[in-house]
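One file, coords_6.txt, carrying compact mmCIF, C-alpha atoms:
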# COMPACT_ATOMS: atom_id res chain seq x y z
CA MET K 1 101.01 130.94 20.42
CA LYS K 2 103.47 128.59 18.73
CA ASN K 3 103.85 124.86 18.20
CA ILE K 4 100.09 124.39 18.44
CA ALA K 5 98.53 120.93 18.41
CA VAL K 6 94.77 120.41 18.61
CA TRP K 7 93.50 117.13 20.03
CA GLY K 8 90.16 115.83 18.79
CA PHE K 9 88.42 112.47 18.72
CA SER K 10 89.68 110.23 15.94
CA TRP K 11 86.14 109.25 14.97
CA VAL K 12 82.54 109.98 15.98
CA PRO K 13 79.18 108.88 14.48
CA ALA K 14 77.98 110.81 11.46
CA PHE K 15 75.31 112.70 13.44
CA ALA K 16 78.11 114.34 15.45
CA HIS K 17 80.27 115.36 12.50
CA GLY K 18 80.93 119.09 12.66
CA LEU K 19 79.58 119.33 16.20
CA VAL K 20 82.46 118.18 18.41
CA ARG K 21 83.86 121.20 20.20
CA ASP K 22 87.38 121.01 18.78
CA LEU K 23 85.75 122.52 15.66
CA ARG K 24 85.39 125.90 17.36
CA VAL K 25 89.07 125.86 18.32
CA ARG K 26 90.14 124.98 14.80
CA TRP K 27 87.90 127.75 13.47
CA ALA K 28 89.44 130.33 15.82
CA LEU K 29 92.96 129.29 14.83
CA GLU K 30 92.06 129.52 11.13
CA GLU K 31 90.57 133.00 11.63
CA ALA K 32 93.65 134.11 13.58
CA GLY K 33 96.03 132.73 10.94
CA LEU K 34 97.78 130.50 13.46
CA ALA K 35 99.22 127.25 12.15
CA TYR K 36 98.38 124.07 14.03
CA GLU K 37 98.64 120.33 13.67
CA SER K 38 95.92 117.83 14.43
CA ARG K 39 96.26 115.00 16.87
CA TRP K 40 93.61 112.39 17.50
CA ILE K 41 92.50 110.37 20.49
CA ASP K 42 90.42 107.23 20.09
CA PRO K 43 87.24 107.79 22.13
CA ALA K 44 87.85 104.41 23.75
CA GLN K 45 91.22 105.65 25.00
CA ARG K 46 90.14 109.05 26.27
CA HIS K 47 90.26 107.98 29.91
CA SER K 48 93.74 106.51 29.62
CA PRO K 49 96.25 107.90 32.14
CA ALA K 50 98.28 109.44 29.31
CA TYR K 51 95.35 111.40 27.90
CA ARG K 52 93.91 112.29 31.30
CA ARG K 53 97.19 114.08 31.95
CA LYS K 54 96.26 116.35 29.04
CA HIS K 55 92.56 116.69 29.85
CA PRO K 56 91.46 115.79 33.39
CA PHE K 57 87.95 114.85 32.22
CA GLY K 58 89.01 112.85 29.18
CA LEU K 59 87.27 115.18 26.74
CA VAL K 60 88.21 117.17 23.67
CA PRO K 61 89.52 119.57 22.74
CA ALA K 62 92.86 119.75 24.42
CA VAL K 63 95.44 122.08 22.92
CA GLU K 64 99.18 121.93 23.39
CA ALA K 65 100.94 125.23 22.75
CA ASP K 66 104.08 126.94 24.00
CA GLY K 67 104.86 123.95 26.20
CA ALA K 68 101.52 124.12 28.05
CA THR K 69 98.22 122.27 27.68
CA LEU K 70 94.90 124.12 27.52
CA VAL K 71 91.43 122.61 27.92
CA GLU K 72 87.81 123.83 27.66
CA SER K 73 86.86 125.08 24.22
CA GLY K 74 85.67 128.50 25.37
CA ALA K 75 88.89 129.15 27.27
CA ILE K 76 90.96 128.01 24.31
CA VAL K 77 89.05 130.23 21.88
CA TYR K 78 89.64 133.12 24.28
CA ALA K 79 93.38 132.34 24.39
CA VAL K 80 93.49 132.30 20.59
CA ALA K 81 91.48 135.52 20.38
CA GLU K 82 94.00 137.20 22.67
CA GLN K 83 96.47 136.77 19.80
CA SER K 84 94.10 138.27 17.22
CA PRO K 85 92.74 141.84 17.31
CA ALA K 86 90.23 140.78 14.64
CA LEU K 87 88.68 138.25 17.02
CA LEU K 88 89.00 140.30 20.21
CA PRO K 89 89.30 144.01 19.39
CA ALA K 90 90.52 146.08 22.29
CA GLU K 91 87.75 148.65 21.92
CA ARG K 92 85.03 145.95 22.08
CA ARG K 93 86.69 143.63 24.59
CA ILE K 94 83.99 143.68 27.27
CA GLU K 95 81.14 143.31 24.78
CA THR K 96 82.96 140.42 23.09
CA LEU K 97 83.52 138.65 26.40
CA THR K 98 79.89 139.21 27.34
CA TRP K 99 78.69 137.48 24.18
CA MET K 100 81.26 134.70 24.54
CA PHE K 101 79.89 133.89 27.99
CA SER K 102 76.32 134.24 26.72
CA ALA K 103 76.98 131.71 23.99
CA LEU K 104 78.42 129.17 26.42
CA ASN K 105 76.26 129.75 29.50
CA THR K 106 72.88 130.95 28.20
CA VAL K 107 72.37 129.73 24.65
CA GLU K 108 74.30 126.46 24.46
CA PRO K 109 72.89 124.55 27.48
CA PRO K 110 69.25 124.24 26.29
CA LEU K 111 70.38 123.46 22.74
CA TRP K 112 72.81 120.81 23.94
CA ASN K 113 70.09 119.38 26.16
CA LEU K 114 67.81 118.96 23.15
CA PHE K 115 70.62 117.40 21.13
CA VAL K 116 71.26 114.86 23.89
CA ILE K 117 67.56 113.99 24.16
CA ASP K 118 67.15 113.53 20.41
CA ARG K 119 70.45 111.99 19.38
CA LEU K 120 71.52 110.01 22.43
CA HIS K 121 68.25 109.02 24.10
CA GLY K 122 65.61 109.36 21.40
CA ASP K 123 64.36 105.79 21.77
CA GLU K 124 63.92 105.96 25.53
CA PRO K 125 60.39 106.52 26.92
CA TRP K 126 61.38 109.43 29.14
CA ALA K 127 62.76 111.35 26.14
CA ALA K 128 59.32 111.66 24.53
CA LEU K 129 57.97 113.15 27.76
CA ARG K 130 60.84 115.57 28.25
CA ARG K 131 61.25 116.71 24.65
CA PRO K 132 58.37 119.23 24.36
CA GLY K 133 59.62 121.21 27.32
CA ALA K 134 63.19 121.05 26.01
CA VAL K 135 62.05 122.37 22.64
CA GLU K 136 60.29 125.31 24.24
CA GLU K 137 63.35 126.14 26.36
CA ALA K 138 65.51 126.10 23.25
CA ARG K 139 63.00 128.14 21.24
CA ALA K 140 62.84 130.82 23.93
CA ARG K 141 66.61 131.30 23.83
CA LEU K 142 66.63 131.36 20.04
CA ALA K 143 63.81 133.91 19.89
CA ALA K 144 65.67 136.28 22.21
CA LEU K 145 68.87 135.87 20.22
CA ALA K 146 67.02 136.43 16.94
CA ASP K 147 65.59 139.69 18.29
CA THR K 148 69.09 140.85 19.13
CA LEU K 149 70.47 139.89 15.73
CA ASP K 150 67.67 141.49 13.73
CA GLY K 151 69.34 144.03 11.47
CA ARG K 152 72.86 142.90 12.40
CA GLU K 153 75.33 140.76 10.48
CA TYR K 154 77.18 139.66 13.62
CA LEU K 155 76.79 139.90 17.38
CA LEU K 156 78.86 143.09 17.39
CA ASP K 157 79.78 145.38 14.53
CA ARG K 158 82.08 142.78 12.97
CA PHE K 159 82.81 139.08 13.14
CA GLY K 160 84.68 138.02 16.27
CA ALA K 161 85.37 135.28 18.80
CA ALA K 162 81.83 135.49 20.20
CA ASP K 163 80.40 134.54 16.81
CA ILE K 164 82.56 131.42 16.72
CA LEU K 165 81.16 130.23 20.04
CA MET K 166 77.59 131.24 19.22
CA VAL K 167 77.42 129.59 15.81
CA THR K 168 78.99 126.36 17.03
CA ALA K 169 76.42 126.31 19.82
CA LEU K 170 73.55 126.90 17.38
CA ARG K 171 74.73 123.96 15.28
CA PHE K 172 73.69 121.57 18.06
CA VAL K 173 70.08 121.85 16.87
CA ARG K 174 70.83 121.58 13.16
CA HIS K 175 68.85 118.30 13.16
CA THR K 176 65.71 120.38 13.87
CA ALA K 177 64.01 123.27 12.10
CA LEU K 178 64.29 125.54 15.14
CA VAL K 179 66.91 127.93 13.78
CA ALA K 180 65.06 128.19 10.48
CA GLU K 181 62.03 129.53 12.37
CA PHE K 182 63.96 132.77 12.82
CA PRO K 183 65.18 134.27 9.52
CA SER K 184 67.70 136.61 11.14
CA LEU K 185 69.23 133.68 13.02
CA ASP K 186 69.22 131.38 10.01
CA ASP K 187 70.94 134.02 7.88
CA TYR K 188 73.49 134.65 10.62
CA VAL K 189 74.48 130.99 10.86
CA LYS K 190 74.76 130.63 7.09
CA ARG K 191 76.80 133.83 6.86
CA CYS K 192 79.30 132.63 9.43
CA GLU K 193 79.49 129.09 8.07
CA ALA K 194 80.33 130.51 4.63
CA ARG K 195 83.54 132.02 5.97
CA PRO K 196 86.66 130.36 4.49
CA ALA K 197 88.10 129.81 7.98
CA PHE K 198 85.03 127.84 9.07
CA GLN K 199 85.14 125.73 5.94
CA ALA K 200 88.85 125.00 6.46
CA ALA K 201 88.27 124.03 10.09
CA LEU K 202 85.40 121.73 9.17
CA ARG K 203 87.43 120.05 6.42
CA ASN K 204 90.25 119.47 8.88
CA GLN K 205 87.99 117.85 11.45
CA LEU K 206 86.14 115.69 8.93
CA ALA K 207 89.37 114.58 7.27
CA GLY K 208 90.48 113.12 10.58
CA TYR K 209 87.24 111.17 10.91
CA MET K 210 87.62 109.82 7.39
CA ARG K 211 91.17 108.65 8.03
CA HIS K 212 90.22 106.87 11.25
CA ALA K 213 86.76 105.57 10.37
CA PRO K 214 86.12 101.96 11.49
CA ALA K 215 85.91 99.53 8.61
CA ALA K 216 82.25 98.81 9.33
CA ALA K 217 81.25 102.46 9.87
Could you rewrite the structure in this file as structure tokens?
Amino acid sequence: MKNIAVWGFSWVPAFAHGLVRDLRVRWALEEAGLAYESRWIDPAQRHSPAYRRKHPFGLVPAVEADGATLVESGAIVYAVAEQSPALLPAERRIETLTWMFSALNTVEPPLWNLFVIDRLHGDEPWAALRRPGAVEEARARLAALADTLDGREYLLDRFGAADILMVTALRFVRHTALVAEFPSLDDYVKRCEARPAFQAALRNQLAGYMRHAPAAA
């Protein structure tokens, strides 16, 4: 991949800092050692015809590379991992893909659901009724994942693309104490977040928000 540009939102509220899904793409690129530039779309302009030509749903991330545009964070991380044996080792390809899909399809949905309830609808009456069930759904997924991780540093025998997707999914409930209930899971997240590539990706994303922050924000 060459001439890579990562599109993210130019600004989001503080509670969403480090959670927008372009972070996982930046992290993968940093781990793979692939240079990229950042481009920013104002959330108010995300449904403009120009941006919808990049991303049909007006979301982020969108990545321009090699004259093509890629969307969907999981697919983009996979495309990056294809360029990096460290992220997608040939001898563990199927297991890596299995955990990548697990992160996106099994673990992330209940965690994202709880995030939406708490952060986007917390003051609405229905949210108080729905939240207990959402917490239990999230806890059940986390408990199963914690059992799998017990005694392991990463999902497989070394850090890879699946860990990028899993950790960025787990961060959706950072406003709760759910992950901390499971020591193996808590240690896993902290271990991955301590990686220099994660820290570089996070700095890159947050720097964009700082540059574009509204005057009253």
Per-residue nearest contacts region 13-122 of chain K to region 197-213 of chain K, cut-off 7 Å, using all atoms listed in the file, as CSV:
residue,atom,partner,partner_atom,distance
K:His17,CA,K:Leu206,CA,6.9
K:Gly18,CA,K:Leu202,CA,6.3
K:Leu23,CA,K:Ala201,CA,6.3
K:Arg26,CA,K:Ala201,CA,5.2
K:Trp27,CA,K:Ala201,CA,5.0
K:Glu30,CA,K:Ala197,CA,5.1
K:Glu31,CA,K:Ala197,CA,5.4
With all atoms listed in the file counted and 8 Å as the cut-off, give the residues of region 143-162 of chain K in contact with region 67-90 of chain K, each with its shortest interatomic distance in Å and the pair that gives it, as JSON lines.
{"residue": "K:Phe159", "atom": "CA", "partner": "K:Leu87", "partner_atom": "CA", "distance": 7.1}
{"residue": "K:Gly160", "atom": "CA", "partner": "K:Leu87", "partner_atom": "CA", "distance": 4.1}
{"residue": "K:Ala161", "atom": "CA", "partner": "K:Leu87", "partner_atom": "CA", "distance": 4.8}
Produce a file of the selected residues containing C-alpha atoms, as a compact mmCIF listing (two decimals), keeping the file's coordinate frame.
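Once everything was written out, this is out_6.txt:
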# COMPACT_ATOMS: atom_id res chain seq x y z
CA PHE K 159 82.81 139.08 13.14
CA GLY K 160 84.68 138.02 16.27
CA ALA K 161 85.37 135.28 18.80
Point to revise | From K:Trp99, K:Ala65, K:Arg191, K:Ala16, residue lying nearest Phe115 (chain K) [only C-alpha atoms] | key: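 For Phe115 (chain K), the nearest of the given residues is K:Ala16.
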Point to revise | Counting all atoms listed in the file, the option among K:Glu95, K:Glu37, K:Asp123, K:Asp163 closest to Val63 (chain K) | key: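 Under the stated criterion, the closest residue is K:Glu37.
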Revision key, fill the gap. From CA of Leu145 (chain K) to CA of Ala180 (chain K) the spacing works out at 13.0 Å
Point to revise | Atom-to-atom span, CA of Phe57 (chain K) and CA of Arg130 (chain K), Å | key: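 Interatomic distance here is 27.4 Å.
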Check your understanding: K:Glu108, K:Glu193, K:Glu91, K:Glu124: which is nearest Leu170 (chain K), counting all atoms listed in the file?
Key ->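 Counting all atoms listed in the file, the residue closest to Leu170 (chain K) is K:Glu108.
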Check your understanding: From the list K:Val60, K:Val25, K:Ile164, K:Ala32, which residue is nearest Val12 (chain K) when using only C-alpha atoms?
Key ->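 Result for the nearest residue to Val12 (chain K): K:Val60.
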Check your understanding: Residues at most 12 Å from Thr98 (chain K), counting all atoms listed in the file, excluding those fewer than 2 positions away in the same chain, as an MDAnalysis selection string?
Key -> chainID K and resid 78 88 92:96 100:106 155:156 161:163 165:166
With C-alpha atoms retained, write the just-selected residues as an mmCIF file, in the frame of the given file.
data_model
loop_
_atom_site.group_PDB
_atom_site.id
_atom_site.type_symbol
_atom_site.label_atom_id
_atom_site.label_comp_id
_atom_site.auth_asym_id
_atom_site.auth_seq_id
_atom_site.Cartn_x
_atom_site.Cartn_y
_atom_site.Cartn_z
ATOM 1 C CA TYR K 78 89.640 133.120 24.280
ATOM 2 C CA LEU K 88 89.000 140.300 20.210
ATOM 3 C CA ARG K 92 85.030 145.950 22.080
ATOM 4 C CA ARG K 93 86.690 143.630 24.590
ATOM 5 C CA ILE K 94 83.990 143.680 27.270
ATOM 6 C CA GLU K 95 81.140 143.310 24.780
ATOM 7 C CA THR K 96 82.960 140.420 23.090
ATOM 8 C CA MET K 100 81.260 134.700 24.540
ATOM 9 C CA PHE K 101 79.890 133.890 27.990
ATOM 10 C CA SER K 102 76.320 134.240 26.720
ATOM 11 C CA ALA K 103 76.980 131.710 23.990
ATOM 12 C CA LEU K 104 78.420 129.170 26.420
ATOM 13 C CA ASN K 105 76.260 129.750 29.500
ATOM 14 C CA THR K 106 72.880 130.950 28.200
ATOM 15 C CA LEU K 155 76.790 139.900 17.380
ATOM 16 C CA LEU K 156 78.860 143.090 17.390
ATOM 17 C CA ALA K 161 85.370 135.280 18.800
ATOM 18 C CA ALA K 162 81.830 135.490 20.200
ATOM 19 C CA ASP K 163 80.400 134.540 16.810
ATOM 20 C CA LEU K 165 81.160 130.230 20.040
ATOM 21 C CA MET K 166 77.590 131.240 19.220
#
If you take every atom of region 120-126 of chain K that the file lists and fit an axis-aligned box around them with 4 Å extra on each side, what centre and edge lengths come out in Å to one decimal, as JSON?
{"center_x": 66.0, "center_y": 107.9, "center_z": 25.3, "size_x": 19.1, "size_y": 12.2, "size_z": 15.7}
Exercise for review: Check the smallest atom-to-atom distance from each of K:Asp22, K:Asp157, K:Asp150, K:Asp187 to Leu59 (chain K) using only C-alpha atoms, then report the winner.
Suggested key: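 With only C-alpha atoms as the atom set, the closest residue is K:Asp22.
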Point to revise | Å distance separating CA of His175 (chain K) from CA of Ile117 (chain K), one decimal place | key: 11.9 Å
Point to revise | Among listed residues K:Ala5, K:Ala194, K:Val189, K:Val20, nearest Glu153 (chain K) (using only C-alpha atoms) | key: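 Smallest distance to Glu153 (chain K) is found for K:Val189.
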Exercise for review: Neighbourhood query: residues within 12 Å of (69.5, 121.2, 23.6), file coordinates, counting all atoms listed in the file; return as a ChimeraX atom specification.
Suggested key: /K:106-120,130-142,169-176,178
For region 39-99 of chain K of the structure just presented, write C-alpha atoms to a file, as a PDB file, in the first residue's frame.
ATOM      1  CA  ARG K  39      -7.437  13.926   6.331  1.00  0.00           C
ATOM      2  CA  TRP K  40     -10.447  15.193   8.219  1.00  0.00           C
ATOM      3  CA  ILE K  41     -14.136  15.486   7.462  1.00  0.00           C
ATOM      4  CA  ASP K  42     -16.375  17.781   9.479  1.00  0.00           C
ATOM      5  CA  PRO K  43     -19.156  15.570  10.906  1.00  0.00           C
ATOM      6  CA  ALA K  44     -21.662  18.096   9.570  1.00  0.00           C
ATOM      7  CA  GLN K  45     -20.313  17.525   6.057  1.00  0.00           C
ATOM      8  CA  ARG K  46     -20.121  13.740   6.133  1.00  0.00           C
ATOM      9  CA  HIS K  47     -23.222  13.320   3.979  1.00  0.00           C
ATOM     10  CA  SER K  48     -22.016  15.746   1.332  1.00  0.00           C
ATOM     11  CA  PRO K  49     -21.935  14.300  -2.205  1.00  0.00           C
ATOM     12  CA  ALA K  50     -18.147  14.632  -2.287  1.00  0.00           C
ATOM     13  CA  TYR K  51     -17.618  12.595   0.869  1.00  0.00           C
ATOM     14  CA  ARG K  52     -20.361  10.086   0.075  1.00  0.00           C
ATOM     15  CA  ARG K  53     -18.358   9.239  -3.029  1.00  0.00           C
ATOM     16  CA  LYS K  54     -15.614   8.092  -0.656  1.00  0.00           C
ATOM     17  CA  HIS K  55     -17.858   6.391   1.901  1.00  0.00           C
ATOM     18  CA  PRO K  56     -21.396   5.509   0.800  1.00  0.00           C
ATOM     19  CA  PHE K  57     -22.726   5.747   4.376  1.00  0.00           C
ATOM     20  CA  GLY K  58     -20.960   8.969   5.291  1.00  0.00           C
ATOM     21  CA  LEU K  59     -18.927   7.344   8.057  1.00  0.00           C
ATOM     22  CA  VAL K  60     -15.272   7.055   8.989  1.00  0.00           C
ATOM     23  CA  PRO K  61     -12.799   5.691   8.389  1.00  0.00           C
ATOM     24  CA  ALA K  62     -12.293   5.873   4.687  1.00  0.00           C
ATOM     25  CA  VAL K  63      -8.817   5.162   3.367  1.00  0.00           C
ATOM     26  CA  GLU K  64      -7.391   6.215   0.035  1.00  0.00           C
ATOM     27  CA  ALA K  65      -4.470   4.096  -1.130  1.00  0.00           C
ATOM     28  CA  ASP K  66      -3.013   3.041  -4.462  1.00  0.00           C
ATOM     29  CA  GLY K  67      -5.670   5.052  -6.283  1.00  0.00           C
ATOM     30  CA  ALA K  68      -8.569   3.214  -4.610  1.00  0.00           C
ATOM     31  CA  THR K  69     -10.811   3.996  -1.639  1.00  0.00           C
ATOM     32  CA  LEU K  70     -11.435   1.461   1.127  1.00  0.00           C
ATOM     33  CA  VAL K  71     -14.160   1.607   3.778  1.00  0.00           C
ATOM     34  CA  GLU K  72     -15.160  -0.422   6.860  1.00  0.00           C
ATOM     35  CA  SER K  73     -12.521  -0.481   9.578  1.00  0.00           C
ATOM     36  CA  GLY K  74     -12.298  -4.266   9.804  1.00  0.00           C
ATOM     37  CA  ALA K  75     -11.784  -4.619   6.065  1.00  0.00           C
ATOM     38  CA  ILE K  76      -9.163  -1.878   6.092  1.00  0.00           C
ATOM     39  CA  VAL K  77      -7.268  -3.456   8.988  1.00  0.00           C
ATOM     40  CA  TYR K  78      -7.330  -6.729   7.057  1.00  0.00           C
ATOM     41  CA  ALA K  79      -5.952  -4.987   3.953  1.00  0.00           C
ATOM     42  CA  VAL K  80      -3.157  -3.471   6.032  1.00  0.00           C
ATOM     43  CA  ALA K  81      -2.443  -6.801   7.714  1.00  0.00           C
ATOM     44  CA  GLU K  82      -2.055  -8.399   4.297  1.00  0.00           C
ATOM     45  CA  GLN K  83       1.033  -6.199   3.928  1.00  0.00           C
ATOM     46  CA  SER K  84       2.465  -7.232   7.305  1.00  0.00           C
ATOM     47  CA  PRO K  85       3.449 -10.794   8.278  1.00  0.00           C
ATOM     48  CA  ALA K  86       3.644  -9.577  11.884  1.00  0.00           C
ATOM     49  CA  LEU K  87      -0.064  -8.731  11.859  1.00  0.00           C
ATOM     50  CA  LEU K  88      -1.241 -11.651   9.725  1.00  0.00           C
ATOM     51  CA  PRO K  89       1.297 -14.497   9.854  1.00  0.00           C
ATOM     52  CA  ALA K  90       0.786 -17.063   7.138  1.00  0.00           C
ATOM     53  CA  GLU K  91       0.927 -19.988   9.557  1.00  0.00           C
ATOM     54  CA  ARG K  92      -1.820 -18.489  11.764  1.00  0.00           C
ATOM     55  CA  ARG K  93      -3.942 -16.926   9.028  1.00  0.00           C
ATOM     56  CA  ILE K  94      -7.194 -18.784   9.709  1.00  0.00           C
ATOM     57  CA  GLU K  95      -6.966 -18.349  13.479  1.00  0.00           C
ATOM     58  CA  THR K  96      -6.231 -14.637  13.021  1.00  0.00           C
ATOM     59  CA  LEU K  97      -9.206 -14.184  10.719  1.00  0.00           C
ATOM     60  CA  THR K  98     -11.414 -16.103  13.144  1.00  0.00           C
ATOM     61  CA  TRP K  99     -10.538 -13.732  15.973  1.00  0.00           C
TER      62      TRP K  99
END
